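Working notes for the structure below.
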Amino acid sequence: MVYRILRAFVGFVAVLLLRAAPAEPATFEVRSVPDLTEDARIELGRLGEPSWHTAGPKGETLDKILRAICGSQGVRADDYLAKATLELNGAESLDQLVDPGVAVAVPFCLEVQRVKIERGDTVEQLLRERHGEFGPHAVRQTCGLNRQEGPMDCLEFTRHLQPDEEIYLPTSRERVFVTRRQGFVPTNDAQIPITLAQFEGISNAMTALQLEAAAPPANAYRYIEFVSLDEASSAPDCGPQTVPLTFSVQKLAERLAVENQAAALASTERTAIVGVIDSGLGGIGGPFFDVRFFAANRSDIAGNHTDDEPNGYYDDVYGMNLNGGNQNGSIAPYGADRQRSHGTKIASLILGGPEWVHNLAPTIASRIQLKIVNFSNASDGYPLAYYALNPAIGYLVEQNADVINMSLASELTVESAVNAMEKANRTLFVTAAGNEPKGRDLASYGAYPAGQGGRVGRFRDQLITVGAHDNDGNWAPFSNFSREYVDLLAPGCALPTVDLDGNEVKENGTSVATAIVSFAAGLVSSLGERLPHAIKNRLLASVDVDPRLERKAWTSGRLNVVKAVSLRHDLIELAAQPGNYQFGRLVDRDELRKFCADKLKRPFLERLVKVRPNVVRDGETFVEYWGVRNDSSLWRDDCIQEDGHLSIGMFRVGGVEIPGPALREVRDIVFATYSLPAGAP
Ligand SMILES: [Ca+2]
Ligand SMILES: [Ca+2]
């Protein structure tokens, strides 16, 4: 399936490249041409940009949508369009019901139809049958198509249709073709480069008529955007502090050393692969992006312009692009656009950022390796259209990505990407909540894929939606937010990153916040946590909760990488020493139930992952419990707190049991996910 879609890209781009060549034959922008041969229709479907259509309020089948747009193009062309529709949308069957409001891609098709009149037919009725509309505009168009230009001619024509006469009917998407203008720069909208030879049989008279009716479809195509850093950079401020609130390199290194050792003893130690769907990456093997940080595909030999395995992509060693040709393996960014460096900066943060890499790269082998999908369009450097997410995700899943970072967003939910994520049920996705000048609530603002994560989104089991916080730990004023769809906030202000030229530059935004969460997810995965839902729960259970963030993310929390990687040690943070943790094992977790004043609730405080005591609200003190349900989702509940002067129980540190602190001294407890293997520190 991936390969066939790729072929479509190959064709499209091959022609684009041809257009740039000086000796190129005359090319045309094709919008609507009757009388095309079926081969030409199939060729158009192959080369053309798909259009987008949104399912109605009750949902519709793919078949119904396809037929509404393309009608019948002939048996072979219909067969081609059906297959192309399945591929574009990652669907198995045309009977698949598309949810209301979800957009599907329909392959390019010509919509003008030629019909034979039967006794009693009227133009209005024919239009209604085929398009559900018969307004004056459509009638005028029909007249124009049939060379009945003046109002009286039109009236005459529509009233006196003759049986067996053949007429042309317009469609909702009129398309004409025009000769290419000198110096014309191809864009992704509507223009279909194609040579005249492919259009034998076109009536020149019809062409002239169509030209007059030329009206490019507005907003027919939509694109995913990398979550722009520029908007975020113009944000009013990033809080009073200037130092990013990320993680202490030293503390994380110390913690990882211990957790790695425990993981090795438990034989769960592994290298996590993080896929990056972004604007490519420059400089593999340069001073920052050591080749060890990339998951190389050893089955394909670089530089021989051959798809050696084959998997549909040429020379895809460190990743691929979807622009086709024999340059599939090139992940170098395109164009001169400001977003060129976006993917490189994101990649630098998924590896932990400059300080982490510079301090630790010489001493430890990388536990996170990247796999790059260059998601930019070769013609302009801007992100590809939605449907390209399907092959992008499919490729990364085939390449065993544990985590996929998507610092990108669109306003429209698209079936193909939804289907691709559904199939990737062993992969964790991390996406950005998005930046808006004042931040927007995702509950009332459509954003994909961000709106599918959080506590209630469609992919809540495998998608983390990340907002940004400032350097004071408060919500960053440019970050979208939601108490349902955003999972947590991560640092997104003045983060040091590495750009295309290898320079260290500071960036703001939910894009960079997302990358830091992917870094944390990669570390947790490298310690042996494989299931997407389990990794997500781990990152959420280890957040630092802050009441200021209550309406910004459903956990009200900020990412804490050091807490997150403590997979095999319980962690206690005292109120008097925030940011300093004690690691060990609480001998009896159930003992913590005693602090819940509601005795009826106590038995239900099971499978605990976090306890947050001393929460003062409305003059009352609460203890908050977090746990995991049978369906693996997280729950949060609280009780009025009692007996806070009592110890939380015995705490085992390095084989020695000591009394734990009184609950009232505690700020946060995060429980280990796994038991400690024998001999572990
Ligand atoms: Ca290959
Ligand atoms: Ca090769």
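Lettering and numbering for the structure tokens are positional, with chains as A, B, ... in the shown order, residues counted from 1 in each chain, and ligands counted from 1 in the shown order.
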Problem set entry | Distance query A:Gly352 at most 7 Å, only C-alpha atoms, self and fewer than 4 positions along chain excluded, as number ranges by chain | A: 348, 356-357, 516, 519
Same residues, N, CA, C and O atoms, output as a PDB file, in the first residue's frame:
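The resulting file, result.pdb, is shown below:
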```pdb
ATOM      1  N   SER A 348      17.187  17.722  17.719  1.00  0.00           N
ATOM      2  CA  SER A 348      18.203  17.956  18.746  1.00  0.00           C
ATOM      3  C   SER A 348      17.602  17.830  20.146  1.00  0.00           C
ATOM      4  O   SER A 348      18.260  17.368  21.080  1.00  0.00           O
ATOM      5  N   TRP A 356      22.646  18.102  27.254  1.00  0.00           N
ATOM      6  CA  TRP A 356      22.618  16.667  27.513  1.00  0.00           C
ATOM      7  C   TRP A 356      23.561  15.933  26.566  1.00  0.00           C
ATOM      8  O   TRP A 356      24.388  15.116  26.993  1.00  0.00           O
ATOM      9  N   VAL A 357      23.448  16.243  25.288  1.00  0.00           N
ATOM     10  CA  VAL A 357      24.261  15.531  24.297  1.00  0.00           C
ATOM     11  C   VAL A 357      25.744  15.846  24.495  1.00  0.00           C
ATOM     12  O   VAL A 357      26.587  14.951  24.484  1.00  0.00           O
ATOM     13  N   ILE A 516      10.670  17.530  23.827  1.00  0.00           N
ATOM     14  CA  ILE A 516      11.192  17.144  25.145  1.00  0.00           C
ATOM     15  C   ILE A 516      10.382  15.964  25.710  1.00  0.00           C
ATOM     16  O   ILE A 516      10.925  15.056  26.339  1.00  0.00           O
ATOM     17  N   PHE A 519      11.585  12.908  24.055  1.00  0.00           N
ATOM     18  CA  PHE A 519      12.847  12.497  24.692  1.00  0.00           C
ATOM     19  C   PHE A 519      12.552  11.661  25.940  1.00  0.00           C
ATOM     20  O   PHE A 519      13.084  10.557  26.112  1.00  0.00           O
TER      21      PHE A 519
END
```
Quick one: which chain A residues come within 6 Å of ligand 2, and what is the nearest atom pair for each with the distance in Å to one decimal, counting only C-alpha atoms and all ligand atoms, rows ordered by chain and ascending number, as JSON lines?
```
{"residue": "A:Asp300", "atom": "CA", "partner": "ligand 2", "partner_atom_place_in_ligand_line": "1 (Ca)", "distance": 4.5}
{"residue": "A:Ile301", "atom": "CA", "partner": "ligand 2", "partner_atom_place_in_ligand_line": "1 (Ca)", "distance": 3.9}
{"residue": "A:Ala302", "atom": "CA", "partner": "ligand 2", "partner_atom_place_in_ligand_line": "1 (Ca)", "distance": 4.8}
{"residue": "A:Gly303", "atom": "CA", "partner": "ligand 2", "partner_atom_place_in_ligand_line": "1 (Ca)", "distance": 6.0}
{"residue": "A:Asn304", "atom": "CA", "partner": "ligand 2", "partner_atom_place_in_ligand_line": "1 (Ca)", "distance": 5.0}
{"residue": "A:His305", "atom": "CA", "partner": "ligand 2", "partner_atom_place_in_ligand_line": "1 (Ca)", "distance": 5.4}
{"residue": "A:Thr306", "atom": "CA", "partner": "ligand 2", "partner_atom_place_in_ligand_line": "1 (Ca)", "distance": 4.1}
{"residue": "A:Asp307", "atom": "CA", "partner": "ligand 2", "partner_atom_place_in_ligand_line": "1 (Ca)", "distance": 4.8}
{"residue": "A:Asp308", "atom": "CA", "partner": "ligand 2", "partner_atom_place_in_ligand_line": "1 (Ca)", "distance": 4.9}
{"residue": "A:Tyr314", "atom": "CA", "partner": "ligand 2", "partner_atom_place_in_ligand_line": "1 (Ca)", "distance": 5.4}
{"residue": "A:Asp315", "atom": "CA", "partner": "ligand 2", "partner_atom_place_in_ligand_line": "1 (Ca)", "distance": 3.7}
```
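Nearest to A:Ala332 of all the residues A:Asn374, A:Ser228, A:Thr158, A:Gln369 is A:Asn374, counting only C-alpha atoms.
The list of residues with at least one atom within 8 Å of stretch 618-626 of chain A, based on only C-alpha atoms and without residues fewer than 5 positions apart in the same chain, reads Ala541, Phe595, Cys596, Leu605, Leu608, Val609, Lys610, Val611, Arg612, Pro613, Leu634, Trp635, Arg636, Asp637, Asp638, Cys639, Ile640 and Gln641 of chain A.
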Exercise. Excluding same-chain residues fewer than 3 positions from A:Gly584, what lies within 6 Å of it counting only C-alpha atoms, as a list in words?
Worked result: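 Counting only C-alpha atoms, the residues come to His569, Asp570, Arg652 and Val653 of chain A.
When only C-alpha atoms and all ligand atoms are used to compute distances to ligand 1, the closest of the residues A:Phe294, A:Phe247, A:Tyr395, A:Phe226 turns out to be A:Tyr395.
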Problem set entry | Expected answer as a ChimeraX atom specification: alpha helix (DSSP H) residues in stretch 300-475 of chain A | /A:342-350,354-360,389-398,415-423
Problem set entry | For A:Asn474: contacts at 10 Å, only C-alpha atoms, fewer than 5 positions along chain excluded, given as JSON, numbers by chain | {"A": [238, 239, 468, 469, 489, 491, 546, 547, 548, 549, 552, 557, 558]}
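Nearest residue to A:Arg629, choosing from A:Val616, A:Met320, A:Ala262, A:Ala534 and counting only C-alpha atoms: A:Ala534.
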